[in-house]
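Trainee: Below is one structure. I have some questions about it.
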Amino acid sequence: MAGAPDSVDVAIVGGGIIGVSTAYWLARAGVRTALFEKGTLACEQSSRNWGWVRTLSRDLPEVPLALLANRRWQEIQQQVDVGYRQNGLLYLQENDRDALEHTRWLENAKSYGARAEFLSQREVRQRLPESGRAWTGAMYSASDGVAEPQLATVGIAALARDAGATLLEHCAVRGIERSAGHVSGVVTERGLVRAQNVLVAAGAWSRLFCGNHGIEFPQLKVRGSVLRTEPFDANLSLSINGKDFTCRKRADGGYTVSQFSASVAELVPDSFRLMRKFIRPWIANRSIVRVRLSDRFIDEWKIPTRFATHSESPFERCRVLDPLPYAKGIDQAWTRLQESFPVFKGARIAQSWGGYIDVTPDAMPVIAALPDNPGLFLASGFSGHGFGIGPAVGECVAALLRGGRSPVDLAAFSLSRFA
Ligand SMILES: Cc1cc2nc3c(=O)[nH]c(=O)nc-3n(C[C@H](O)[C@H](O)[C@H](O)COP(=O)(O)OP(=O)(O)OC[C@H]3O[C@@H](n4cnc5c(N)ncnc54)[C@H](O)[C@@H]3O)c2cc1C
């Protein structure tokens, strides 16, 4: 096949931060690796996110991944500029309930290695002199940071290529081949590539990809929305979760702004197929995720759930998911940021964009071998927080693919928990 070896040890489906980080770790270990991306590297979630690299407020089993990731981001930044810096993260509080929620999280997260401090009202005022809002305190992590989504995945991809991996863009994988019950390769739009193991790291497409091979992966899409300002000095370098806005300084001098409530779960045929698994999280998160009917229902209705691999597949018909931002959600975030930090009234919005977040029912990913499908592995469903832990996930998945032990316990991330 043009540009790719006929045969590799590992084929990776998807060139987001998860697939690319895995390729990097495999190639470093001398494993013959080819990665296939239907669009361009990081064209979906991995270039559209807020850029937070955080331990704060994570689901507990993800904390060790986040701690390992902090070390890996530092090492990567020493080799290539991915915009990584430990600028600190504040989760602001406005009442006793916020403080209690943060205290409870830290009590539980400590045994997983998490560290954070609590700031009083006065300490918050000292750190945020530009803010006019009456914060009552904050949970703070000095070691949390950011990386630049526009730089990170392509930067790690350059390291993976230097280490010997083949990374192909504009090359969709239509499906897998099996031989004697074991995975034996991938069928791409440019032909067959034999592989002993295959990793599906296809982001929001993983459910469709797996479903075509009879593997049920409960995953839906939630539309997130973001804006960035033009370069501007607001005397604010910390990243902030202000409850009804989030804000972080960018390497280009501007700020990335959004809010957790700028998320929309569009009803699609899969919403009804998966209703039983998702109804509880929808209800529990109704204050931040709005459920809406949109044109997306018809778009997804037209996508076949089963298709042959010898002709054009859905992955070629839509190269890049590029949704419009949810204007009301980001307008609100921008207004609340300006009310909380009046200095931002002097800033100008440069751009806004949308991105589909792939979510599972418990908002945690699957990172596992699929035991009923020897040779097949899945790393997907990162539910809005896979960017920060991406380099660590790549290291863990690479260990699994090599038949070794993951440096972080992955027991909580099996697919069978959804059975
Ligand atoms: C608005 C927004 C804000 C976010 N903020 C943060 C944040 O601050 N911090 C954080 O940690 N996370 C954040 N996230 C989540 C984070 O971006 C994702 O969890 C992470 O990027 C997922 O990486 P991935 O590699 O699994 O998926 P993706 O980046 O989506 O990559 C999957 C790739 O697979 C390709 N693909 C799919 N099917 C095929 C196929 N059949 N053949 C070939 N290629 C295929 C796709 O084109 C895509 O490029 C945010 C996400 C969004 C959208």
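To be explicit about the labels: the chains of the structure tokens are called A, B, and onward in the order shown, and within each one the residues are counted from 1, while ligands get numbers from 1 in the order they are shown.
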Could you give me, as CSV, a per-residue list for range 115-181 of chain A showing, wherever an atom lies at most 10 Å from an atom of range 249-260 of chain A, the closest pair of atoms and their distance in Å to one decimal, using only C-alpha atoms and sorting by chain then residue number from low to high?
Mentor:
```
residue,atom,partner,partner_atom,distance
A:Val146,CA,A:Arg250,CA,8.5
A:Ala147,CA,A:Ala251,CA,8.6
A:Glu148,CA,A:Ala251,CA,7.2
```
Trainee: For the residues in that selection, give me N, CA and C atoms as a PDB file, in the first residue's frame.
Mentor:
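Generated file (selection_14.pdb):
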```pdb
ATOM      1  N   VAL A 146      -1.533  23.425  31.388  1.00  0.00           N
ATOM      2  CA  VAL A 146      -2.168  23.449  30.070  1.00  0.00           C
ATOM      3  C   VAL A 146      -1.148  23.004  29.025  1.00  0.00           C
ATOM      4  N   ALA A 147      -1.677  22.540  27.888  1.00  0.00           N
ATOM      5  CA  ALA A 147      -0.866  22.360  26.681  1.00  0.00           C
ATOM      6  C   ALA A 147      -1.697  22.927  25.541  1.00  0.00           C
ATOM      7  N   GLU A 148      -1.063  23.201  24.417  1.00  0.00           N
ATOM      8  CA  GLU A 148      -1.791  23.821  23.313  1.00  0.00           C
ATOM      9  C   GLU A 148      -2.329  22.747  22.369  1.00  0.00           C
TER      10      GLU A 148
END
```
Trainee: Around ligand 1, which protein and nucleic acid residues have at least one atom no more than 6 Å from it, if we count only C-alpha atoms and all ligand atoms? List them as a PDB file with N, CA, C and O atoms, in the first residue's frame.
Mentor:
```pdb
ATOM      1  N   VAL A  13      -6.188   2.887  14.630  1.00  0.00           N
ATOM      2  CA  VAL A  13      -7.272   3.579  13.928  1.00  0.00           C
ATOM      3  C   VAL A  13      -7.518   4.896  14.650  1.00  0.00           C
ATOM      4  O   VAL A  13      -8.033   4.918  15.770  1.00  0.00           O
ATOM      5  N   GLY A  14      -7.131   6.017  14.029  1.00  0.00           N
ATOM      6  CA  GLY A  14      -7.430   7.321  14.619  1.00  0.00           C
ATOM      7  C   GLY A  14      -6.178   8.086  15.019  1.00  0.00           C
ATOM      8  O   GLY A  14      -5.355   7.585  15.785  1.00  0.00           O
ATOM      9  N   GLY A  15      -6.079   9.318  14.500  1.00  0.00           N
ATOM     10  CA  GLY A  15      -4.904  10.154  14.772  1.00  0.00           C
ATOM     11  C   GLY A  15      -5.218  11.314  15.686  1.00  0.00           C
ATOM     12  O   GLY A  15      -4.814  12.443  15.446  1.00  0.00           O
ATOM     13  N   GLY A  16      -5.949  11.057  16.782  1.00  0.00           N
ATOM     14  CA  GLY A  16      -6.104  12.035  17.859  1.00  0.00           C
ATOM     15  C   GLY A  16      -4.985  11.816  18.861  1.00  0.00           C
ATOM     16  O   GLY A  16      -4.045  11.045  18.635  1.00  0.00           O
ATOM     17  N   ILE A  17      -5.081  12.505  20.016  1.00  0.00           N
ATOM     18  CA  ILE A  17      -3.966  12.433  20.970  1.00  0.00           C
ATOM     19  C   ILE A  17      -3.764  11.011  21.511  1.00  0.00           C
ATOM     20  O   ILE A  17      -2.636  10.617  21.808  1.00  0.00           O
ATOM     21  N   ILE A  18      -4.833  10.224  21.576  1.00  0.00           N
ATOM     22  CA  ILE A  18      -4.698   8.875  22.129  1.00  0.00           C
ATOM     23  C   ILE A  18      -3.952   7.967  21.148  1.00  0.00           C
ATOM     24  O   ILE A  18      -2.970   7.302  21.525  1.00  0.00           O
ATOM     25  N   GLY A  19      -4.403   7.955  19.891  1.00  0.00           N
ATOM     26  CA  GLY A  19      -3.741   7.109  18.902  1.00  0.00           C
ATOM     27  C   GLY A  19      -2.295   7.530  18.696  1.00  0.00           C
ATOM     28  O   GLY A  19      -1.381   6.686  18.657  1.00  0.00           O
ATOM     29  N   PHE A  36      -3.542   5.268  11.141  1.00  0.00           N
ATOM     30  CA  PHE A  36      -4.351   5.743  10.016  1.00  0.00           C
ATOM     31  C   PHE A  36      -5.360   6.766  10.522  1.00  0.00           C
ATOM     32  O   PHE A  36      -6.082   6.512  11.490  1.00  0.00           O
ATOM     33  N   GLU A  37      -5.380   7.910   9.840  1.00  0.00           N
ATOM     34  CA  GLU A  37      -6.296   8.988  10.213  1.00  0.00           C
ATOM     35  C   GLU A  37      -7.127   9.357   8.972  1.00  0.00           C
ATOM     36  O   GLU A  37      -6.570   9.656   7.927  1.00  0.00           O
ATOM     37  N   LYS A  38      -8.440   9.369   9.135  1.00  0.00           N
ATOM     38  CA  LYS A  38      -9.307   9.622   7.966  1.00  0.00           C
ATOM     39  C   LYS A  38      -9.232  11.069   7.489  1.00  0.00           C
ATOM     40  O   LYS A  38      -9.423  11.366   6.319  1.00  0.00           O
ATOM     41  N   GLY A  39      -8.983  12.002   8.419  1.00  0.00           N
ATOM     42  CA  GLY A  39      -8.829  13.412   8.043  1.00  0.00           C
ATOM     43  C   GLY A  39      -7.373  13.805   8.173  1.00  0.00           C
ATOM     44  O   GLY A  39      -6.503  13.206   7.548  1.00  0.00           O
ATOM     45  N   LEU A  41      -4.285  14.802  11.248  1.00  0.00           N
ATOM     46  CA  LEU A  41      -4.002  14.519  12.665  1.00  0.00           C
ATOM     47  C   LEU A  41      -4.713  15.553  13.540  1.00  0.00           C
ATOM     48  O   LEU A  41      -4.668  16.758  13.251  1.00  0.00           O
ATOM     49  N   ALA A  42      -5.375  15.074  14.579  1.00  0.00           N
ATOM     50  CA  ALA A  42      -6.044  15.946  15.569  1.00  0.00           C
ATOM     51  C   ALA A  42      -7.142  16.825  14.962  1.00  0.00           C
ATOM     52  O   ALA A  42      -7.452  17.882  15.504  1.00  0.00           O
ATOM     53  N   CYS A  43      -7.751  16.374  13.859  1.00  0.00           N
ATOM     54  CA  CYS A  43      -8.746  17.250  13.218  1.00  0.00           C
ATOM     55  C   CYS A  43     -10.044  17.334  14.035  1.00  0.00           C
ATOM     56  O   CYS A  43     -10.823  18.264  13.833  1.00  0.00           O
ATOM     57  N   GLU A  44     -10.269  16.394  14.943  1.00  0.00           N
ATOM     58  CA  GLU A  44     -11.515  16.460  15.736  1.00  0.00           C
ATOM     59  C   GLU A  44     -11.192  16.923  17.167  1.00  0.00           C
ATOM     60  O   GLU A  44     -10.569  17.962  17.342  1.00  0.00           O
ATOM     61  N   GLN A  45     -11.613  16.159  18.184  1.00  0.00           N
ATOM     62  CA  GLN A  45     -11.521  16.665  19.564  1.00  0.00           C
ATOM     63  C   GLN A  45     -10.137  17.177  19.970  1.00  0.00           C
ATOM     64  O   GLN A  45     -10.007  18.169  20.696  1.00  0.00           O
ATOM     65  N   SER A  46      -9.102  16.475  19.500  1.00  0.00           N
ATOM     66  CA  SER A  46      -7.771  16.743  20.060  1.00  0.00           C
ATOM     67  C   SER A  46      -7.225  18.122  19.721  1.00  0.00           C
ATOM     68  O   SER A  46      -6.280  18.594  20.381  1.00  0.00           O
ATOM     69  N   ARG A  48      -9.537  20.736  19.358  1.00  0.00           N
ATOM     70  CA  ARG A  48     -10.659  21.654  19.600  1.00  0.00           C
ATOM     71  C   ARG A  48     -10.914  21.882  21.083  1.00  0.00           C
ATOM     72  O   ARG A  48     -11.890  22.542  21.456  1.00  0.00           O
ATOM     73  N   ASN A  49     -10.088  21.293  21.931  1.00  0.00           N
ATOM     74  CA  ASN A  49     -10.433  21.310  23.363  1.00  0.00           C
ATOM     75  C   ASN A  49      -9.878  22.555  24.064  1.00  0.00           C
ATOM     76  O   ASN A  49      -9.224  23.389  23.464  1.00  0.00           O
ATOM     77  N   TRP A  50     -10.149  22.625  25.365  1.00  0.00           N
ATOM     78  CA  TRP A  50      -9.732  23.796  26.150  1.00  0.00           C
ATOM     79  C   TRP A  50      -8.233  23.812  26.435  1.00  0.00           C
ATOM     80  O   TRP A  50      -7.686  24.846  26.811  1.00  0.00           O
ATOM     81  N   GLY A  51      -7.604  22.630  26.378  1.00  0.00           N
ATOM     82  CA  GLY A  51      -6.164  22.558  26.638  1.00  0.00           C
ATOM     83  C   GLY A  51      -5.797  22.331  28.091  1.00  0.00           C
ATOM     84  O   GLY A  51      -4.631  22.434  28.466  1.00  0.00           O
ATOM     85  N   TRP A  52      -6.775  21.991  28.936  1.00  0.00           N
ATOM     86  CA  TRP A  52      -6.465  21.772  30.353  1.00  0.00           C
ATOM     87  C   TRP A  52      -5.755  20.431  30.547  1.00  0.00           C
ATOM     88  O   TRP A  52      -6.164  19.416  29.975  1.00  0.00           O
ATOM     89  N   VAL A  53      -4.736  20.471  31.391  1.00  0.00           N
ATOM     90  CA  VAL A  53      -4.046  19.249  31.812  1.00  0.00           C
ATOM     91  C   VAL A  53      -4.199  19.217  33.325  1.00  0.00           C
ATOM     92  O   VAL A  53      -3.458  19.874  34.042  1.00  0.00           O
ATOM     93  N   ALA A 172      -8.794   6.483   5.718  1.00  0.00           N
ATOM     94  CA  ALA A 172      -9.748   5.894   6.667  1.00  0.00           C
ATOM     95  C   ALA A 172      -9.549   4.390   6.759  1.00  0.00           C
ATOM     96  O   ALA A 172      -9.224   3.725   5.765  1.00  0.00           O
ATOM     97  N   VAL A 173      -9.757   3.860   7.943  1.00  0.00           N
ATOM     98  CA  VAL A 173      -9.824   2.412   8.122  1.00  0.00           C
ATOM     99  C   VAL A 173     -11.298   2.028   8.046  1.00  0.00           C
ATOM    100  O   VAL A 173     -12.120   2.542   8.804  1.00  0.00           O
ATOM    101  N   ARG A 174     -11.613   1.129   7.132  1.00  0.00           N
ATOM    102  CA  ARG A 174     -13.025   0.724   6.977  1.00  0.00           C
ATOM    103  C   ARG A 174     -13.402  -0.372   7.960  1.00  0.00           C
ATOM    104  O   ARG A 174     -14.554  -0.493   8.345  1.00  0.00           O
ATOM    105  N   ALA A 201      -8.772   3.791  18.314  1.00  0.00           N
ATOM    106  CA  ALA A 201      -8.690   5.060  19.073  1.00  0.00           C
ATOM    107  C   ALA A 201      -9.384   6.109  18.213  1.00  0.00           C
ATOM    108  O   ALA A 201      -8.811   7.140  17.878  1.00  0.00           O
ATOM    109  N   ALA A 202     -10.612   5.810  17.852  1.00  0.00           N
ATOM    110  CA  ALA A 202     -11.315   6.573  16.816  1.00  0.00           C
ATOM    111  C   ALA A 202     -12.223   7.652  17.385  1.00  0.00           C
ATOM    112  O   ALA A 202     -13.119   8.149  16.688  1.00  0.00           O
ATOM    113  N   GLY A 203     -12.009   8.031  18.651  1.00  0.00           N
ATOM    114  CA  GLY A 203     -12.782   9.127  19.241  1.00  0.00           C
ATOM    115  C   GLY A 203     -14.283   8.876  19.101  1.00  0.00           C
ATOM    116  O   GLY A 203     -14.787   7.788  19.421  1.00  0.00           O
ATOM    117  N   ALA A 204     -14.992   9.883  18.606  1.00  0.00           N
ATOM    118  CA  ALA A 204     -16.449   9.823  18.536  1.00  0.00           C
ATOM    119  C   ALA A 204     -16.957   8.785  17.524  1.00  0.00           C
ATOM    120  O   ALA A 204     -18.168   8.537  17.453  1.00  0.00           O
ATOM    121  N   TRP A 205     -16.052   8.193  16.746  1.00  0.00           N
ATOM    122  CA  TRP A 205     -16.434   7.195  15.742  1.00  0.00           C
ATOM    123  C   TRP A 205     -16.254   5.770  16.236  1.00  0.00           C
ATOM    124  O   TRP A 205     -16.533   4.814  15.498  1.00  0.00           O
ATOM    125  N   GLY A 224     -19.495  20.342  22.413  1.00  0.00           N
ATOM    126  CA  GLY A 224     -18.886  21.362  23.255  1.00  0.00           C
ATOM    127  C   GLY A 224     -18.602  22.601  22.418  1.00  0.00           C
ATOM    128  O   GLY A 224     -18.494  22.515  21.189  1.00  0.00           O
ATOM    129  N   SER A 225     -18.464  23.765  23.063  1.00  0.00           N
ATOM    130  CA  SER A 225     -18.258  25.016  22.336  1.00  0.00           C
ATOM    131  C   SER A 225     -17.243  25.886  23.074  1.00  0.00           C
ATOM    132  O   SER A 225     -17.221  25.904  24.310  1.00  0.00           O
ATOM    133  N   VAL A 226     -16.446  26.602  22.308  1.00  0.00           N
ATOM    134  CA  VAL A 226     -15.302  27.321  22.869  1.00  0.00           C
ATOM    135  C   VAL A 226     -15.100  28.632  22.098  1.00  0.00           C
ATOM    136  O   VAL A 226     -15.449  28.707  20.917  1.00  0.00           O
ATOM    137  N   PHE A 315     -16.723   6.496   7.202  1.00  0.00           N
ATOM    138  CA  PHE A 315     -15.549   7.253   7.661  1.00  0.00           C
ATOM    139  C   PHE A 315     -14.927   8.100   6.544  1.00  0.00           C
ATOM    140  O   PHE A 315     -14.204   9.051   6.814  1.00  0.00           O
ATOM    141  N   VAL A 320     -14.250  14.970   8.658  1.00  0.00           N
ATOM    142  CA  VAL A 320     -14.036  15.736   9.899  1.00  0.00           C
ATOM    143  C   VAL A 320     -15.386  16.162  10.480  1.00  0.00           C
ATOM    144  O   VAL A 320     -16.185  16.787   9.780  1.00  0.00           O
ATOM    145  N   GLY A 355     -17.040  21.270  18.914  1.00  0.00           N
ATOM    146  CA  GLY A 355     -16.358  19.977  18.807  1.00  0.00           C
ATOM    147  C   GLY A 355     -17.199  18.917  19.493  1.00  0.00           C
ATOM    148  O   GLY A 355     -17.778  19.180  20.545  1.00  0.00           O
ATOM    149  N   TYR A 356     -17.278  17.751  18.866  1.00  0.00           N
ATOM    150  CA  TYR A 356     -18.043  16.663  19.499  1.00  0.00           C
ATOM    151  C   TYR A 356     -17.176  15.914  20.503  1.00  0.00           C
ATOM    152  O   TYR A 356     -16.104  15.409  20.153  1.00  0.00           O
ATOM    153  N   ILE A 357     -17.669  15.857  21.730  1.00  0.00           N
ATOM    154  CA  ILE A 357     -17.012  15.113  22.817  1.00  0.00           C
ATOM    155  C   ILE A 357     -17.624  13.717  22.823  1.00  0.00           C
ATOM    156  O   ILE A 357     -18.851  13.589  22.754  1.00  0.00           O
ATOM    157  N   SER A 380     -11.008   4.622  24.096  1.00  0.00           N
ATOM    158  CA  SER A 380     -11.956   5.613  23.591  1.00  0.00           C
ATOM    159  C   SER A 380     -12.999   5.940  24.663  1.00  0.00           C
ATOM    160  O   SER A 380     -13.057   5.294  25.699  1.00  0.00           O
ATOM    161  N   PHE A 382     -13.406   9.155  26.114  1.00  0.00           N
ATOM    162  CA  PHE A 382     -12.713   9.937  27.156  1.00  0.00           C
ATOM    163  C   PHE A 382     -13.582  11.034  27.775  1.00  0.00           C
ATOM    164  O   PHE A 382     -13.148  11.731  28.686  1.00  0.00           O
ATOM    165  N   SER A 383     -14.792  11.176  27.274  1.00  0.00           N
ATOM    166  CA  SER A 383     -15.847  11.932  27.964  1.00  0.00           C
ATOM    167  C   SER A 383     -15.433  13.358  28.358  1.00  0.00           C
ATOM    168  O   SER A 383     -15.756  13.837  29.456  1.00  0.00           O
ATOM    169  N   GLY A 384     -14.664  14.007  27.473  1.00  0.00           N
ATOM    170  CA  GLY A 384     -14.342  15.408  27.712  1.00  0.00           C
ATOM    171  C   GLY A 384     -13.090  15.632  28.516  1.00  0.00           C
ATOM    172  O   GLY A 384     -12.765  16.769  28.847  1.00  0.00           O
ATOM    173  N   HIS A 385     -12.343  14.544  28.860  1.00  0.00           N
ATOM    174  CA  HIS A 385     -11.091  14.796  29.600  1.00  0.00           C
ATOM    175  C   HIS A 385      -9.938  13.906  29.174  1.00  0.00           C
ATOM    176  O   HIS A 385      -9.087  13.559  29.979  1.00  0.00           O
ATOM    177  N   GLY A 386      -9.859  13.601  27.879  1.00  0.00           N
ATOM    178  CA  GLY A 386      -8.788  12.718  27.403  1.00  0.00           C
ATOM    179  C   GLY A 386      -7.527  13.430  26.950  1.00  0.00           C
ATOM    180  O   GLY A 386      -6.482  12.795  26.795  1.00  0.00           O
ATOM    181  N   PHE A 387      -7.626  14.739  26.724  1.00  0.00           N
ATOM    182  CA  PHE A 387      -6.449  15.457  26.220  1.00  0.00           C
ATOM    183  C   PHE A 387      -5.339  15.464  27.279  1.00  0.00           C
ATOM    184  O   PHE A 387      -4.203  15.065  27.004  1.00  0.00           O
ATOM    185  N   GLY A 388      -5.682  15.887  28.485  1.00  0.00           N
ATOM    186  CA  GLY A 388      -4.672  16.025  29.540  1.00  0.00           C
ATOM    187  C   GLY A 388      -3.982  14.718  29.876  1.00  0.00           C
ATOM    188  O   GLY A 388      -2.783  14.690  30.157  1.00  0.00           O
TER     189      GLY A 388
END
```
Trainee: Please list as an mmCIF file with C-alpha atoms, in the first residue's frame every residue within 10 Å of Thr335 in chain A, counting only C-alpha atoms and excluding residues in the same chain fewer than 4 positions away.
Mentor:
```
data_model
loop_
_atom_site.group_PDB
_atom_site.id
_atom_site.type_symbol
_atom_site.label_atom_id
_atom_site.label_comp_id
_atom_site.auth_asym_id
_atom_site.auth_seq_id
_atom_site.Cartn_x
_atom_site.Cartn_y
_atom_site.Cartn_z
ATOM 1 C CA ASP A 244 -20.333 29.628 34.880
ATOM 2 C CA PHE A 245 -17.171 30.341 32.855
ATOM 3 C CA ILE A 330 -20.343 30.621 24.902
ATOM 4 C CA ASP A 331 -22.022 34.062 24.903
ATOM 5 C CA GLU A 339 -18.719 40.490 34.826
ATOM 6 C CA SER A 340 -16.299 38.563 37.056
ATOM 7 C CA PHE A 341 -13.152 40.148 35.557
ATOM 8 C CA PRO A 342 -14.122 43.576 34.152
ATOM 9 C CA PHE A 344 -11.925 41.450 29.869
ATOM 10 C CA LYS A 345 -14.296 44.163 28.602
#
```
Trainee: From the set A:Ser313, A:Gln351, A:Ser239, A:Ser287, which residue has the shortest atom-to-atom contact distance to Ser261 in chain A, counting only C-alpha atoms?
Mentor: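 Counting only C-alpha atoms, the residue closest to Ser261 in chain A is A:Ser287.
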Trainee: Please provide as a VMD selection string all residues within 12 Å of Gly394 in chain A, with the sequence filter that same-chain residues fewer than 4 positions apart are discarded (counting only C-alpha atoms).
Mentor: chain A and resid 12 15 to 28 65 68 to 69 72 to 73 153 156 to 157 160 199 201 367 to 368 378 to 380 386 to 390 398 to 401 406 to 408
Trainee: Run DSSP on the backbone and grab whatever in range 152-268 of chain A lands in alpha helix (DSSP H); send it over as an MDAnalysis selection string.
Mentor: chainID A and resid 152:162 206:211
Trainee: Save out the residues we just selected, N, CA and C atoms, as a PDB file, in the first residue's frame.
Mentor:
```
ATOM      1  N   ALA A 152      -0.074  20.097  20.311  1.00  0.00           N
ATOM      2  CA  ALA A 152       0.276  18.900  21.092  1.00  0.00           C
ATOM      3  C   ALA A 152       0.316  17.621  20.250  1.00  0.00           C
ATOM      4  N   THR A 153      -0.799  17.303  19.598  1.00  0.00           N
ATOM      5  CA  THR A 153      -0.850  16.012  18.906  1.00  0.00           C
ATOM      6  C   THR A 153       0.124  15.986  17.729  1.00  0.00           C
ATOM      7  N   VAL A 154       0.211  17.104  16.996  1.00  0.00           N
ATOM      8  CA  VAL A 154       1.148  17.104  15.867  1.00  0.00           C
ATOM      9  C   VAL A 154       2.591  17.063  16.370  1.00  0.00           C
ATOM     10  N   GLY A 155       2.842  17.653  17.535  1.00  0.00           N
ATOM     11  CA  GLY A 155       4.186  17.598  18.120  1.00  0.00           C
ATOM     12  C   GLY A 155       4.557  16.175  18.512  1.00  0.00           C
ATOM     13  N   ILE A 156       3.629  15.487  19.172  1.00  0.00           N
ATOM     14  CA  ILE A 156       3.903  14.098  19.581  1.00  0.00           C
ATOM     15  C   ILE A 156       4.019  13.213  18.334  1.00  0.00           C
ATOM     16  N   ALA A 157       3.226  13.548  17.299  1.00  0.00           N
ATOM     17  CA  ALA A 157       3.301  12.786  16.036  1.00  0.00           C
ATOM     18  C   ALA A 157       4.704  12.900  15.429  1.00  0.00           C
ATOM     19  N   ALA A 158       5.303  14.085  15.522  1.00  0.00           N
ATOM     20  CA  ALA A 158       6.660  14.255  14.973  1.00  0.00           C
ATOM     21  C   ALA A 158       7.638  13.350  15.731  1.00  0.00           C
ATOM     22  N   LEU A 159       7.448  13.260  17.055  1.00  0.00           N
ATOM     23  CA  LEU A 159       8.332  12.380  17.840  1.00  0.00           C
ATOM     24  C   LEU A 159       8.108  10.913  17.459  1.00  0.00           C
ATOM     25  N   ALA A 160       6.831  10.560  17.227  1.00  0.00           N
ATOM     26  CA  ALA A 160       6.516   9.168  16.855  1.00  0.00           C
ATOM     27  C   ALA A 160       7.165   8.826  15.516  1.00  0.00           C
ATOM     28  N   ARG A 161       7.089   9.764  14.582  1.00  0.00           N
ATOM     29  CA  ARG A 161       7.713   9.517  13.259  1.00  0.00           C
ATOM     30  C   ARG A 161       9.224   9.384  13.397  1.00  0.00           C
ATOM     31  N   ASP A 162       9.818  10.279  14.216  1.00  0.00           N
ATOM     32  CA  ASP A 162      11.279  10.193  14.423  1.00  0.00           C
ATOM     33  C   ASP A 162      11.661   8.828  14.998  1.00  0.00           C
ATOM     34  N   SER A 206     -15.752   5.606  17.432  1.00  0.00           N
ATOM     35  CA  SER A 206     -15.403   4.256  17.896  1.00  0.00           C
ATOM     36  C   SER A 206     -16.635   3.359  17.997  1.00  0.00           C
ATOM     37  N   ARG A 207     -17.784   3.923  18.399  1.00  0.00           N
ATOM     38  CA  ARG A 207     -18.994   3.092  18.513  1.00  0.00           C
ATOM     39  C   ARG A 207     -19.387   2.517  17.140  1.00  0.00           C
ATOM     40  N   LEU A 208     -19.356   3.377  16.123  1.00  0.00           N
ATOM     41  CA  LEU A 208     -19.729   2.928  14.787  1.00  0.00           C
ATOM     42  C   LEU A 208     -18.744   1.869  14.299  1.00  0.00           C
ATOM     43  N   PHE A 209     -17.453   2.136  14.507  1.00  0.00           N
ATOM     44  CA  PHE A 209     -16.415   1.206  14.052  1.00  0.00           C
ATOM     45  C   PHE A 209     -16.583  -0.154  14.736  1.00  0.00           C
ATOM     46  N   CYS A 210     -16.723  -0.129  16.052  1.00  0.00           N
ATOM     47  CA  CYS A 210     -16.841  -1.386  16.808  1.00  0.00           C
ATOM     48  C   CYS A 210     -18.152  -2.089  16.462  1.00  0.00           C
ATOM     49  N   GLY A 211     -19.235  -1.308  16.367  1.00  0.00           N
ATOM     50  CA  GLY A 211     -20.559  -1.890  16.104  1.00  0.00           C
ATOM     51  C   GLY A 211     -20.590  -2.671  14.807  1.00  0.00           C
TER      52      GLY A 211
END
```
Trainee: Take CA of Cys318 in chain A and CA of Glu266 in chain A and report the distance between them in Å, one decimal.
Mentor: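 These atoms are spaced 17.9 Å apart.
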Trainee: Determine, using only C-alpha atoms, which residues of range 52-140 of chain A have any atom at most 9 Å from an atom of range 409-417 of chain A, and tabulate each with its shortest atom pair and distance in Å to one decimal place, rows ordered by chain and then rising number, as a tab-separated table.
Mentor:
```
residue	atom	partner	partner_atom	distance
A:Pro61	CA	A:Ala412	CA	6.6
A:Glu62	CA	A:Ala412	CA	8.9
A:Pro64	CA	A:Asp409	CA	8.3
A:Leu65	CA	A:Asp409	CA	8.9
```
Trainee: Hey, what's within 8 Å of Leu293 in chain A if we count only C-alpha atoms and toss same-chain stuff fewer than 3 positions away? As a list of chain:residue names, please?
Mentor: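 Final neighbour list, sorted by chain and number: A:Glu266, A:Leu267, A:Val268, A:Arg296, A:Phe297.
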Trainee: Would you write out those residues with all heavy atoms, as a compact mmCIF listing (two decimals), in the first residue's frame?
Mentor:
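Wrote it out as result-v4.txt, contents follow:
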```txt
# COMPACT_ATOMS: atom_id res chain seq x y z
N GLU A 266 -27.22 16.28 21.51
CA GLU A 266 -28.24 16.26 20.46
C GLU A 266 -28.85 14.86 20.39
O GLU A 266 -28.11 13.86 20.38
CB GLU A 266 -27.62 16.65 19.13
CG GLU A 266 -27.27 18.14 19.10
CD GLU A 266 -26.18 18.47 18.10
OE1 GLU A 266 -25.24 17.67 17.95
OE2 GLU A 266 -26.27 19.52 17.47
N LEU A 267 -30.17 14.83 20.31
CA LEU A 267 -30.84 13.52 20.22
C LEU A 267 -30.61 12.94 18.82
O LEU A 267 -30.85 13.60 17.81
CB LEU A 267 -32.33 13.67 20.49
CG LEU A 267 -32.70 13.98 21.94
CD1 LEU A 267 -34.19 14.27 22.07
CD2 LEU A 267 -32.30 12.83 22.87
N VAL A 268 -30.11 11.72 18.80
CA VAL A 268 -29.84 11.01 17.54
C VAL A 268 -30.38 9.59 17.73
O VAL A 268 -30.75 9.21 18.85
CB VAL A 268 -28.32 10.99 17.24
CG1 VAL A 268 -27.81 12.39 16.94
CG2 VAL A 268 -27.54 10.38 18.40
N ARG A 296 -29.03 16.94 13.38
CA ARG A 296 -28.09 15.84 13.55
C ARG A 296 -28.82 14.49 13.57
O ARG A 296 -28.27 13.47 13.19
CB ARG A 296 -27.32 16.07 14.86
CG ARG A 296 -26.17 15.16 15.12
CD ARG A 296 -24.91 15.53 14.35
NE ARG A 296 -24.08 14.35 14.25
CZ ARG A 296 -23.23 14.09 13.28
NH1 ARG A 296 -23.05 14.95 12.32
NH2 ARG A 296 -22.52 12.99 13.27
N PHE A 297 -30.09 14.51 14.01
CA PHE A 297 -30.86 13.26 14.07
C PHE A 297 -30.94 12.65 12.67
O PHE A 297 -30.67 11.46 12.48
CB PHE A 297 -32.27 13.52 14.61
CG PHE A 297 -33.04 12.25 14.84
CD1 PHE A 297 -33.05 11.63 16.08
CD2 PHE A 297 -33.73 11.64 13.80
CE1 PHE A 297 -33.72 10.44 16.28
CE2 PHE A 297 -34.42 10.45 13.99
CZ PHE A 297 -34.41 9.85 15.24
```
